[in-house]
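Engineer: My structure is stored as my_file_0.cif, with mmCIF, C-alpha atoms.
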data_protein
#
loop_
_atom_site.label_atom_id
_atom_site.label_comp_id
_atom_site.auth_asym_id
_atom_site.auth_seq_id
_atom_site.Cartn_x
_atom_site.Cartn_y
_atom_site.Cartn_z
CA MET U 1 -46.72 -3.45 -69.28
CA TYR U 2 -44.74 -4.01 -66.08
CA VAL U 3 -44.88 -7.67 -65.10
CA ILE U 4 -43.49 -9.12 -61.86
CA ILE U 5 -42.77 -12.85 -61.88
CA ILE U 6 -42.18 -14.78 -58.66
CA GLY U 7 -39.92 -17.77 -59.23
CA GLY U 8 -36.99 -17.97 -61.63
CA GLY U 9 -37.13 -21.70 -62.37
CA GLY U 10 -37.94 -23.13 -65.78
CA VAL U 11 -41.44 -21.65 -66.06
CA GLY U 12 -40.45 -18.22 -64.74
CA TYR U 13 -37.41 -18.02 -66.99
CA TYR U 14 -39.19 -18.87 -70.23
CA LEU U 15 -42.19 -16.72 -69.35
CA ALA U 16 -39.87 -13.75 -68.74
CA LYS U 17 -38.11 -14.40 -72.04
CA GLU U 18 -41.37 -14.37 -74.00
CA LEU U 19 -42.64 -11.25 -72.24
CA LEU U 20 -39.35 -9.46 -72.94
CA ASP U 21 -39.55 -10.49 -76.61
CA ASN U 22 -43.00 -8.91 -76.70
CA GLY U 23 -41.58 -5.65 -75.42
CA HIS U 24 -42.76 -5.76 -71.82
CA GLU U 25 -40.86 -4.70 -68.73
CA VAL U 26 -40.19 -7.76 -66.58
CA LEU U 27 -38.77 -8.41 -63.12
CA ILE U 28 -38.16 -11.91 -61.73
CA ILE U 29 -38.03 -12.25 -57.95
CA GLU U 30 -36.16 -15.39 -56.96
CA LYS U 31 -34.82 -16.60 -53.59
CA ASP U 32 -31.99 -18.68 -55.02
CA ALA U 33 -28.89 -16.62 -55.88
CA LYS U 34 -27.68 -19.13 -58.49
CA ARG U 35 -30.97 -18.97 -60.37
CA CYS U 36 -30.85 -15.17 -60.26
CA GLU U 37 -27.38 -15.31 -61.76
CA ARG U 38 -28.56 -17.54 -64.60
CA VAL U 39 -31.42 -15.15 -65.35
CA GLU U 40 -29.06 -12.16 -65.34
CA ASP U 41 -26.50 -13.94 -67.55
CA GLU U 42 -29.04 -14.85 -70.17
CA LEU U 43 -31.76 -12.21 -70.01
CA GLY U 44 -30.00 -9.16 -68.58
CA SER U 45 -30.46 -7.43 -65.25
CA ILE U 46 -34.10 -8.23 -64.69
CA SER U 47 -33.87 -10.18 -61.43
CA LEU U 48 -34.19 -9.35 -57.77
CA CYS U 49 -32.81 -11.86 -55.31
CA GLY U 50 -35.25 -12.23 -52.43
CA ASP U 51 -38.45 -13.76 -51.09
CA GLY U 52 -41.37 -12.76 -53.29
CA CYS U 53 -43.76 -13.25 -50.38
CA GLU U 54 -42.14 -10.51 -48.33
CA VAL U 55 -43.82 -7.15 -48.33
CA ALA U 56 -40.47 -5.33 -48.13
CA VAL U 57 -39.09 -7.18 -51.15
CA LEU U 58 -42.23 -6.52 -53.18
CA THR U 59 -42.13 -2.84 -52.27
CA LYS U 60 -38.53 -2.68 -53.45
CA ALA U 61 -39.62 -4.33 -56.69
CA GLY U 62 -41.99 -1.43 -57.34
CA ILE U 63 -45.11 -3.56 -57.03
CA ALA U 64 -47.27 -0.45 -56.67
CA ARG U 65 -46.86 0.26 -60.39
CA ALA U 66 -47.04 -3.37 -61.60
CA ASP U 67 -49.72 -4.17 -64.18
CA MET U 68 -49.45 -7.90 -63.76
CA PHE U 69 -48.18 -10.29 -61.11
CA ILE U 70 -47.49 -13.96 -61.84
CA ALA U 71 -46.34 -16.47 -59.19
CA VAL U 72 -44.84 -19.63 -60.68
CA THR U 73 -42.74 -21.24 -57.94
CA ASP U 74 -43.17 -24.97 -57.33
CA GLU U 75 -44.61 -24.35 -53.86
CA ASP U 76 -48.35 -23.67 -53.82
CA ASP U 77 -48.32 -22.00 -50.43
CA ASP U 78 -45.68 -19.53 -51.66
CA ASN U 79 -47.67 -18.79 -54.81
CA LEU U 80 -50.83 -18.25 -52.77
CA ALA U 81 -49.14 -15.95 -50.25
CA ALA U 82 -47.42 -13.87 -52.94
CA CYS U 83 -50.59 -13.50 -55.01
CA GLN U 84 -52.77 -12.59 -52.04
CA ILE U 85 -50.35 -9.86 -51.03
CA ALA U 86 -50.13 -8.57 -54.62
CA LYS U 87 -53.88 -8.55 -55.11
CA GLN U 88 -55.23 -7.64 -51.71
CA LYS U 89 -52.53 -5.39 -50.31
CA PHE U 90 -51.10 -3.74 -53.44
CA ASN U 91 -54.17 -4.00 -55.73
CA VAL U 92 -52.19 -5.26 -58.75
CA PRO U 93 -54.79 -5.34 -61.58
CA GLN U 94 -53.99 -8.81 -62.85
CA VAL U 95 -52.74 -11.67 -60.66
CA ILE U 96 -52.07 -15.22 -61.83
CA ALA U 97 -50.91 -18.21 -59.75
CA ARG U 98 -49.41 -21.48 -60.86
CA ILE U 99 -50.84 -24.46 -59.00
CA ASN U 100 -48.77 -27.60 -58.53
CA ASN U 101 -51.30 -29.68 -56.61
CA PRO U 102 -54.58 -29.97 -58.57
CA LYS U 103 -56.49 -30.23 -55.28
CA ASN U 104 -55.60 -26.63 -54.48
CA GLU U 105 -57.48 -24.98 -57.32
CA HIS U 106 -60.73 -24.46 -55.41
CA ILE U 107 -58.83 -23.47 -52.25
CA PHE U 108 -57.11 -20.68 -54.19
CA ALA U 109 -60.45 -19.58 -55.64
CA LYS U 110 -62.05 -19.53 -52.21
CA LEU U 111 -59.16 -17.47 -50.85
CA GLY U 112 -59.55 -14.86 -53.57
CA ILE U 113 -57.09 -16.06 -56.24
CA GLU U 114 -59.32 -17.08 -59.16
CA ASN U 115 -56.80 -16.93 -62.00
CA THR U 116 -54.78 -20.09 -61.69
CA VAL U 117 -52.92 -22.40 -64.03
CA ASP U 118 -52.70 -26.02 -62.98
CA GLY U 119 -49.46 -27.35 -64.48
CA VAL U 120 -50.07 -30.97 -63.55
CA ALA U 121 -53.53 -31.00 -65.15
CA LEU U 122 -52.13 -29.45 -68.33
CA VAL U 123 -49.39 -32.05 -68.65
CA LEU U 124 -51.91 -34.81 -67.96
CA GLU U 125 -54.25 -33.60 -70.71
CA HIS U 126 -51.35 -33.42 -73.15
CA ILE U 127 -50.30 -36.97 -72.32
CA LYS U 128 -53.90 -38.18 -72.62
CA ALA U 129 -54.07 -36.57 -76.05
CA GLN U 130 -51.21 -38.85 -77.11
CA ILE U 131 -53.02 -41.95 -75.84
CA SER U 132 -55.75 -42.81 -78.32
CA THR U 133 -58.00 -44.68 -75.89
CA PHE U 134 -59.03 -41.57 -73.96
CA PRO U 135 -62.43 -40.46 -75.32
CA LEU U 136 -62.34 -36.88 -74.08
CA ILE U 137 -59.45 -34.45 -73.78
CA ARG U 138 -59.69 -30.94 -72.47
CA LEU U 139 -57.81 -28.64 -74.82
CA LEU U 140 -58.46 -25.35 -73.08
CA SER U 141 -60.47 -23.96 -70.19
CA LEU U 142 -62.10 -20.58 -70.70
CA GLU U 143 -62.53 -20.11 -66.99
CA ASP U 144 -64.12 -16.68 -67.03
CA LYS U 145 -66.76 -17.92 -69.48
CA GLY U 146 -67.35 -21.22 -67.67
CA LEU U 147 -66.58 -23.16 -70.85
CA ASP U 148 -64.13 -25.87 -71.86
CA ILE U 149 -62.89 -26.60 -75.36
CA VAL U 150 -62.59 -30.37 -75.65
CA MET U 151 -61.69 -32.99 -78.20
CA ILE U 152 -64.12 -35.90 -78.34
CA ARG U 153 -63.11 -39.15 -80.01
CA ILE U 154 -65.92 -41.38 -81.23
CA ALA U 155 -64.70 -44.86 -80.39
CA GLU U 156 -65.74 -48.15 -81.94
CA GLY U 157 -69.03 -49.12 -80.25
CA SER U 158 -69.72 -45.65 -78.90
CA LEU U 159 -73.40 -44.69 -78.50
CA ALA U 160 -72.64 -41.62 -80.63
CA ALA U 161 -71.50 -43.60 -83.66
CA GLY U 162 -74.26 -43.63 -86.27
CA LYS U 163 -76.04 -40.65 -84.71
CA SER U 164 -76.34 -37.29 -86.37
CA VAL U 165 -74.83 -34.24 -84.70
CA LYS U 166 -78.28 -32.86 -83.78
CA ASP U 167 -79.20 -36.13 -82.04
CA LEU U 168 -76.23 -36.02 -79.73
CA SER U 169 -77.56 -35.05 -76.34
CA LEU U 170 -74.74 -32.71 -75.45
CA PRO U 171 -75.19 -30.49 -72.38
CA LEU U 172 -77.11 -27.24 -72.94
CA GLY U 173 -74.86 -24.56 -74.37
CA SER U 174 -72.50 -26.98 -76.13
CA VAL U 175 -71.29 -26.36 -79.68
CA VAL U 176 -69.72 -28.88 -82.05
CA SER U 177 -67.30 -26.71 -83.99
CA ILE U 178 -65.05 -28.94 -86.07
CA MET U 179 -65.13 -32.57 -87.15
CA ILE U 180 -61.97 -34.40 -88.15
CA ARG U 181 -62.56 -37.59 -90.07
CA GLN U 182 -59.77 -39.98 -90.90
CA ARG U 183 -58.14 -39.37 -94.29
CA GLN U 184 -60.28 -36.28 -94.85
CA GLU U 185 -59.95 -32.54 -94.47
CA TYR U 186 -61.41 -31.15 -91.29
CA GLN U 187 -64.93 -29.80 -91.71
CA VAL U 188 -67.61 -27.91 -89.86
CA PRO U 189 -70.29 -30.57 -89.41
CA ALA U 190 -73.91 -29.85 -90.36
CA SER U 191 -76.60 -30.76 -87.83
CA ASP U 192 -77.53 -33.82 -89.93
CA THR U 193 -73.96 -35.08 -90.43
CA THR U 194 -73.82 -38.69 -89.30
CA LEU U 195 -70.94 -39.51 -87.00
CA GLU U 196 -68.72 -42.54 -87.51
CA ALA U 197 -66.35 -44.40 -85.27
CA GLY U 198 -62.94 -42.79 -85.57
CA ASP U 199 -64.30 -39.25 -85.93
CA GLN U 200 -62.86 -36.55 -83.73
CA LEU U 201 -64.93 -33.54 -82.69
CA VAL U 202 -63.69 -30.26 -81.31
CA CYS U 203 -66.48 -29.02 -79.05
CA LEU U 204 -67.27 -26.23 -76.66
CA ILE U 205 -68.95 -27.58 -73.52
CA PRO U 206 -69.92 -26.00 -70.18
CA SER U 207 -67.22 -26.48 -67.52
CA GLY U 208 -67.90 -29.43 -65.26
CA SER U 209 -69.96 -31.34 -67.82
CA GLU U 210 -67.18 -33.69 -68.89
CA GLU U 211 -68.76 -36.66 -67.16
CA ALA U 212 -72.14 -36.03 -68.75
CA VAL U 213 -70.49 -35.88 -72.17
CA GLN U 214 -68.65 -39.13 -71.54
CA ALA U 215 -71.90 -40.78 -70.47
CA MET U 216 -73.54 -39.53 -73.65
CA LEU U 217 -70.75 -41.14 -75.65
CA GLY U 218 -71.55 -44.39 -73.89
CA ILE U 219 -68.00 -44.89 -72.76
CA SER U 220 -67.15 -46.08 -69.31
CA THR U 221 -65.47 -43.39 -67.24
CA GLN U 222 -63.60 -46.08 -65.31
CA GLU U 223 -60.33 -45.66 -67.14
CA GLU U 224 -60.55 -41.92 -66.69
CA SER U 225 -60.49 -41.99 -62.93
CA GLY U 226 -57.27 -42.14 -61.03
CA MET J 1 -61.28 -27.34 -25.86
CA ASN J 2 -60.55 -29.31 -29.04
CA VAL J 3 -57.36 -27.94 -30.59
CA ILE J 4 -55.51 -28.81 -33.80
CA ILE J 5 -51.86 -27.80 -34.00
CA MET J 6 -49.99 -27.78 -37.31
CA GLY J 7 -46.23 -28.19 -36.99
CA CYS J 8 -44.57 -30.30 -34.33
CA GLY J 9 -41.45 -28.20 -33.90
CA ARG J 10 -40.33 -26.98 -30.50
CA VAL J 11 -43.19 -24.49 -30.15
CA GLY J 12 -45.86 -26.84 -31.50
CA ALA J 13 -44.74 -29.76 -29.33
CA GLU J 14 -44.55 -27.58 -26.20
CA LEU J 15 -48.01 -26.10 -26.83
CA ALA J 16 -49.38 -29.61 -27.40
CA ARG J 17 -47.83 -30.78 -24.12
CA LEU J 18 -49.25 -27.85 -22.12
CA LEU J 19 -52.77 -28.18 -23.53
CA ASP J 20 -52.76 -31.96 -23.15
CA ALA J 21 -51.63 -31.70 -19.54
CA GLU J 22 -54.56 -29.39 -18.85
CA GLY J 23 -56.97 -31.95 -20.22
CA HIS J 24 -57.71 -30.44 -23.63
CA LYS J 25 -58.20 -32.63 -26.69
CA VAL J 26 -55.11 -32.08 -28.85
CA THR J 27 -54.36 -33.23 -32.40
CA ILE J 28 -50.94 -32.33 -33.77
CA LEU J 29 -49.99 -32.61 -37.45
CA ASP J 30 -46.61 -32.72 -39.10
CA THR J 31 -45.25 -34.05 -42.37
CA ASP J 32 -42.05 -35.32 -40.74
CA ALA J 33 -42.57 -38.37 -38.50
CA SER J 34 -39.35 -37.78 -36.54
CA SER J 35 -40.68 -34.42 -35.35
CA PHE J 36 -43.10 -36.29 -33.07
CA ASP J 37 -40.06 -37.36 -30.98
CA LYS J 38 -40.39 -33.98 -29.29
CA LEU J 39 -43.73 -34.95 -27.72
CA PRO J 40 -43.52 -36.23 -24.12
CA PRO J 41 -43.86 -40.02 -23.60
CA ASP J 42 -47.15 -39.56 -21.72
CA PHE J 43 -48.72 -37.34 -24.42
CA GLY J 44 -52.41 -38.26 -24.51
CA GLY J 45 -53.35 -36.47 -27.73
CA THR J 46 -53.20 -37.61 -31.34
CA ALA J 47 -50.17 -37.18 -33.60
CA LEU J 48 -50.99 -37.38 -37.31
CA LEU J 49 -48.55 -37.60 -40.20
CA GLU J 50 -50.50 -35.21 -42.44
CA SER J 51 -50.18 -31.81 -44.06
CA ALA J 52 -52.57 -29.11 -42.90
CA THR J 53 -52.40 -27.27 -46.21
CA ASP J 54 -54.32 -30.27 -47.53
CA GLU J 55 -58.07 -30.50 -46.99
CA GLU J 56 -57.98 -34.27 -46.65
CA GLY J 57 -55.28 -34.04 -44.00
CA LEU J 58 -57.41 -31.61 -42.03
CA GLN J 59 -60.48 -33.81 -42.39
CA LYS J 60 -58.53 -36.73 -40.95
CA ALA J 61 -57.81 -34.49 -37.97
CA ASN J 62 -61.60 -33.96 -37.60
CA ILE J 63 -61.26 -30.25 -38.19
CA THR J 64 -65.01 -29.73 -38.34
CA GLU J 65 -65.13 -30.49 -34.61
CA ALA J 66 -62.20 -28.27 -33.67
CA ASP J 67 -62.64 -25.19 -31.46
CA ALA J 68 -59.23 -23.81 -32.37
CA PHE J 69 -56.49 -24.21 -34.96
CA VAL J 70 -52.89 -23.13 -34.47
CA ALA J 71 -50.33 -23.05 -37.32
CA VAL J 72 -46.70 -23.01 -36.16
CA THR J 73 -44.55 -24.56 -38.88
CA ARG J 74 -41.35 -22.68 -39.64
CA GLU J 75 -42.72 -21.36 -42.93
CA ASP J 76 -44.93 -18.28 -42.95
CA ASP J 77 -46.61 -19.24 -46.21
CA LYS J 78 -47.62 -22.69 -45.02
CA ASN J 79 -48.96 -21.23 -41.77
CA ALA J 80 -50.95 -18.59 -43.60
CA MET J 81 -52.39 -21.03 -46.13
CA ALA J 82 -53.37 -23.63 -43.51
CA ALA J 83 -54.86 -20.95 -41.26
CA GLN J 84 -56.97 -19.57 -44.09
CA ILE J 85 -58.21 -23.05 -45.03
CA ALA J 86 -59.15 -23.68 -41.39
CA LYS J 87 -60.94 -20.36 -41.09
CA ARG J 88 -62.54 -19.85 -44.49
CA ILE J 89 -63.26 -23.40 -45.61
CA PHE J 90 -63.86 -25.21 -42.33
CA ASP J 91 -65.11 -22.27 -40.21
CA VAL J 92 -62.96 -23.07 -37.17
CA PRO J 93 -63.97 -20.49 -34.53
CA ARG J 94 -60.45 -19.55 -33.40
CA VAL J 95 -57.46 -19.58 -35.74
CA ILE J 96 -53.98 -18.38 -34.82
CA CYS J 97 -50.88 -18.54 -36.99
CA ARG J 98 -47.25 -17.68 -36.56
CA ILE J 99 -45.93 -15.17 -39.10
CA TYR J 100 -42.28 -14.21 -38.72
CA ASP J 101 -42.41 -11.30 -41.18
CA PRO J 102 -43.99 -8.40 -39.22
CA LEU J 103 -45.19 -6.62 -42.38
CA ARG J 104 -46.93 -9.74 -43.57
CA GLU J 105 -48.48 -10.33 -40.15
CA GLU J 106 -50.25 -6.97 -40.51
CA PHE J 107 -51.54 -8.04 -43.90
CA TYR J 108 -52.95 -11.32 -42.63
CA GLU J 109 -54.64 -9.52 -39.76
CA SER J 110 -56.41 -7.44 -42.39
CA LEU J 111 -57.69 -10.74 -43.83
CA GLY J 112 -59.14 -11.60 -40.43
CA LEU J 113 -56.49 -14.02 -39.25
CA GLU J 114 -54.97 -13.81 -35.79
CA GLY J 115 -51.25 -13.67 -36.39
CA ILE J 116 -48.38 -13.67 -33.95
CA SER J 117 -45.01 -12.44 -35.11
CA PRO J 118 -42.26 -13.93 -32.90
CA THR J 119 -39.95 -11.26 -34.32
CA VAL J 120 -42.08 -8.46 -32.93
CA VAL J 121 -42.97 -10.21 -29.66
CA PHE J 122 -39.38 -11.15 -28.88
CA ALA J 123 -38.01 -7.72 -29.76
CA ARG J 124 -40.57 -6.10 -27.43
CA LEU J 125 -39.71 -8.54 -24.67
CA LEU J 126 -36.01 -7.78 -25.02
CA LYS J 127 -36.71 -4.06 -24.93
CA GLU J 128 -38.78 -4.39 -21.77
CA LYS J 129 -35.99 -6.37 -20.11
CA LEU J 130 -33.45 -3.76 -21.09
CA GLU J 131 -35.57 -0.94 -19.73
CA LYS J 132 -36.03 -2.55 -16.31
#
Write the structure described by the file as structure tokens, please.

Structural biologist:
Amino acid sequence: MYVIIIGGGGVGYYLAKELLDNGHEVLIIEKDAKRCERVEDELGSISLCGDGCEVAVLTKAGIARADMFIAVTDEDDDNLAACQIAKQKFNVPQVIARINNPKNEHIFAKLGIENTVDGVALVLEHIKAQISTFPLIRLLSLEDKGLDIVMIRIAEGSLAAGKSVKDLSLPLGSVVSIMIRQRQEYQVPASDTTLEAGDQLVCLIPSGSEEAVQAMLGISTQEESG
Amino acid sequence: MNVIIMGCGRVGAELARLLDAEGHKVTILDTDASSFDKLPPDFGGTALLESATDEEGLQKANITEADAFVAVTREDDKNAMAAQIAKRIFDVPRVICRIYDPLREEFYESLGLEGISPTVVFARLLKEKLEK
């Protein structure tokens, strides 16, 4: 596969490295000459010094034969511009944009760039996972399926404690896949398994139903906001 | 006419001054407060310290009531993003943005934006002068 990456910072560099290790052809387009040099020193001659939003630069990069285009600069407007040109002018089959400001996700979608990765949101979820008081953590979004894989923690005093799995009023289409109970092996819970405080559940829920799930757990969403 | 201008550089400030002097309602946005120094002392419009690539910033500028939106920051990408938000999300009737890169200007026109490339305009102007 021929993959063009816009932005040779930390994300672009490590992404290129992994793609190269997997045998793909990679080109990094980066404005900053010093960053280009670092890429060339460490990964070989796979960089093009220039503005990845410029049609002339992209043409020189051979965008017409690219299979995938990934924009990972730390400027959302640059990532949007580059991806729009790749997708709408050069018809690159797969286009992915990094988003730095979580508010921009729906703007990108509305402007035709649906495949986005929100770095800030990912870091936040990882930090929340380390803080035991958060009742719900999103592990992964399966955007094309409209589903999220989440970890639910049954806290002391939660409405879900003492209920069986089948009595949980999870949103339609949800699946409880794994239960992790303290000092026990993980298990696939049966529908009549009774939940206890301290249990952790890995669940599949419809995207956008996080608040409903939190309400079902009987946990205030106050500490979640902000 | 109710006009929102994004970018209070020389062009943005001059456009704001001209429109204001003709009695139009002008709101100008910039993310750098010192850029507003370029506005004349008797400027009757509104200067807002907001980004126009941000929906909230545009809402503070009452974009839903705007007749026109002009993006003239020095960065093509910011202009293009703000212009598309104004046109596609807020349905502003008239949206114009400055795009320096002539090839990219063509592309944005294909997306339905009105772009002006100073590079092309100025080169044409110079050529006309030379031919006179």

Engineer: List as a PyMOL selection string the protein and nucleic acid residues near Lys17 in chain U, meaning an atom at most 12 Å away when all atoms listed in the file are counted, but skip any in the same chain fewer than 3 places from it.

Structural biologist: chain U and resi 3+5+8+10-14+20-28+39-40+42-44+46

Engineer: Please enumerate the residues selected by the PyMOL selection byres ((chain U) within 8 of (chain J)) when evaluated against the supplied file, formatted as a list of chain:residue names.

Structural biologist: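 When the PyMOL selection byres ((chain U) within 8 of (chain J)) is applied, the selected residues are U:Cys53, U:Glu54, U:Val55, U:Ala56, U:Asp77, U:Asp78, U:Leu80, U:Ala81, U:Ile85, U:Lys89, U:Asn104, U:Ile107, U:Lys110, U:Leu111.
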
Engineer: Using Å and a single decimal, report how far CA of Arg74 in chain J sits from CA of Gly9 in chain U.

Structural biologist: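 CA of Arg74 in chain J lies 23.1 Å from CA of Gly9 in chain U.
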
Engineer: For the structure shown, which residues end up in the PyMOL selection byres ((chain U and resi 137) around 6)? Put them as a PyMOL selection string, please?

Structural biologist: chain U and resi 136+138+150-151

Engineer: Pick out the residues sitting within 9 Å of Met179 in chain U, and hand them over as a ChimeraX atom specification; count only C-alpha atoms, and ignore anything fewer than 2 positions along from it in its own chain.

Structural biologist: /U:176-177,181,185-189,199-203

Engineer: Calculate how many Å separate CA of Asp32 in chain J from CA of Gln59 in chain J, rounding to one decimal.

Structural biologist: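 We find that CA of Asp32 in chain J and CA of Gln59 in chain J lie 18.6 Å from each other.
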
Engineer: Would you kindly place N, CA, C and O atoms on range 152-169 of chain U and return the model as a CSV table (one decimal), keeping the file's coordinate frame?

Structural biologist:
chain,number,residue,atom,x,y,z
U,152,ILE,N,-63.4,-34.7,-78.6
U,152,ILE,CA,-64.1,-35.9,-78.3
U,152,ILE,C,-63.7,-36.9,-79.4
U,152,ILE,O,-63.7,-36.6,-80.6
U,153,ARG,N,-63.4,-38.1,-79.0
U,153,ARG,CA,-63.1,-39.2,-80.0
U,153,ARG,C,-64.2,-40.2,-80.0
U,153,ARG,O,-64.6,-40.7,-78.9
U,154,ILE,N,-64.8,-40.4,-81.1
U,154,ILE,CA,-65.9,-41.4,-81.2
U,154,ILE,C,-65.3,-42.8,-81.4
U,154,ILE,O,-64.7,-43.1,-82.5
U,155,ALA,N,-65.4,-43.6,-80.4
U,155,ALA,CA,-64.7,-44.9,-80.4
U,155,ALA,C,-65.6,-45.9,-81.1
U,155,ALA,O,-66.8,-45.7,-81.2
U,156,GLU,N,-65.0,-47.0,-81.4
U,156,GLU,CA,-65.7,-48.2,-81.9
U,156,GLU,C,-66.8,-48.6,-80.9
U,156,GLU,O,-66.4,-48.7,-79.7
U,157,GLY,N,-68.0,-48.7,-81.2
U,157,GLY,CA,-69.0,-49.1,-80.2
U,157,GLY,C,-69.6,-48.0,-79.4
U,157,GLY,O,-70.4,-48.2,-78.5
U,158,SER,N,-69.2,-46.8,-79.7
U,158,SER,CA,-69.7,-45.6,-78.9
U,158,SER,C,-71.2,-45.4,-79.2
U,158,SER,O,-71.6,-45.7,-80.4
U,159,LEU,N,-72.0,-45.0,-78.3
U,159,LEU,CA,-73.4,-44.7,-78.5
U,159,LEU,C,-73.6,-43.6,-79.5
U,159,LEU,O,-74.6,-43.5,-80.2
U,160,ALA,N,-72.5,-42.7,-79.7
U,160,ALA,CA,-72.6,-41.6,-80.6
U,160,ALA,C,-72.4,-42.0,-82.1
U,160,ALA,O,-72.8,-41.3,-83.0
U,161,ALA,N,-71.8,-43.2,-82.3
U,161,ALA,CA,-71.5,-43.6,-83.7
U,161,ALA,C,-72.8,-43.9,-84.3
U,161,ALA,O,-73.7,-44.6,-83.8
U,162,GLY,N,-73.0,-43.4,-85.5
U,162,GLY,CA,-74.3,-43.6,-86.3
U,162,GLY,C,-75.3,-42.6,-86.0
U,162,GLY,O,-76.3,-42.5,-86.7
U,163,LYS,N,-75.1,-41.7,-85.0
U,163,LYS,CA,-76.0,-40.6,-84.7
U,163,LYS,C,-75.7,-39.4,-85.5
U,163,LYS,O,-74.5,-39.2,-85.9
U,164,SER,N,-76.7,-38.6,-85.7
U,164,SER,CA,-76.3,-37.3,-86.4
U,164,SER,C,-76.0,-36.3,-85.3
U,164,SER,O,-76.3,-36.5,-84.1
U,165,VAL,N,-75.3,-35.2,-85.7
U,165,VAL,CA,-74.8,-34.2,-84.7
U,165,VAL,C,-76.0,-33.7,-83.9
U,165,VAL,O,-75.9,-33.6,-82.7
U,166,LYS,N,-77.1,-33.5,-84.5
U,166,LYS,CA,-78.3,-32.9,-83.8
U,166,LYS,C,-78.9,-33.8,-82.8
U,166,LYS,O,-79.5,-33.4,-81.8
U,167,ASP,N,-78.6,-35.1,-83.0
U,167,ASP,CA,-79.2,-36.1,-82.0
U,167,ASP,C,-78.3,-36.4,-80.9
U,167,ASP,O,-78.6,-37.2,-80.0
U,168,LEU,N,-77.1,-35.9,-80.9
U,168,LEU,CA,-76.2,-36.0,-79.7
U,168,LEU,C,-76.8,-35.2,-78.6
U,168,LEU,O,-77.2,-34.1,-78.8
U,169,SER,N,-77.0,-35.9,-77.4
U,169,SER,CA,-77.6,-35.0,-76.3
U,169,SER,C,-76.4,-34.4,-75.5
U,169,SER,O,-76.2,-34.8,-74.4
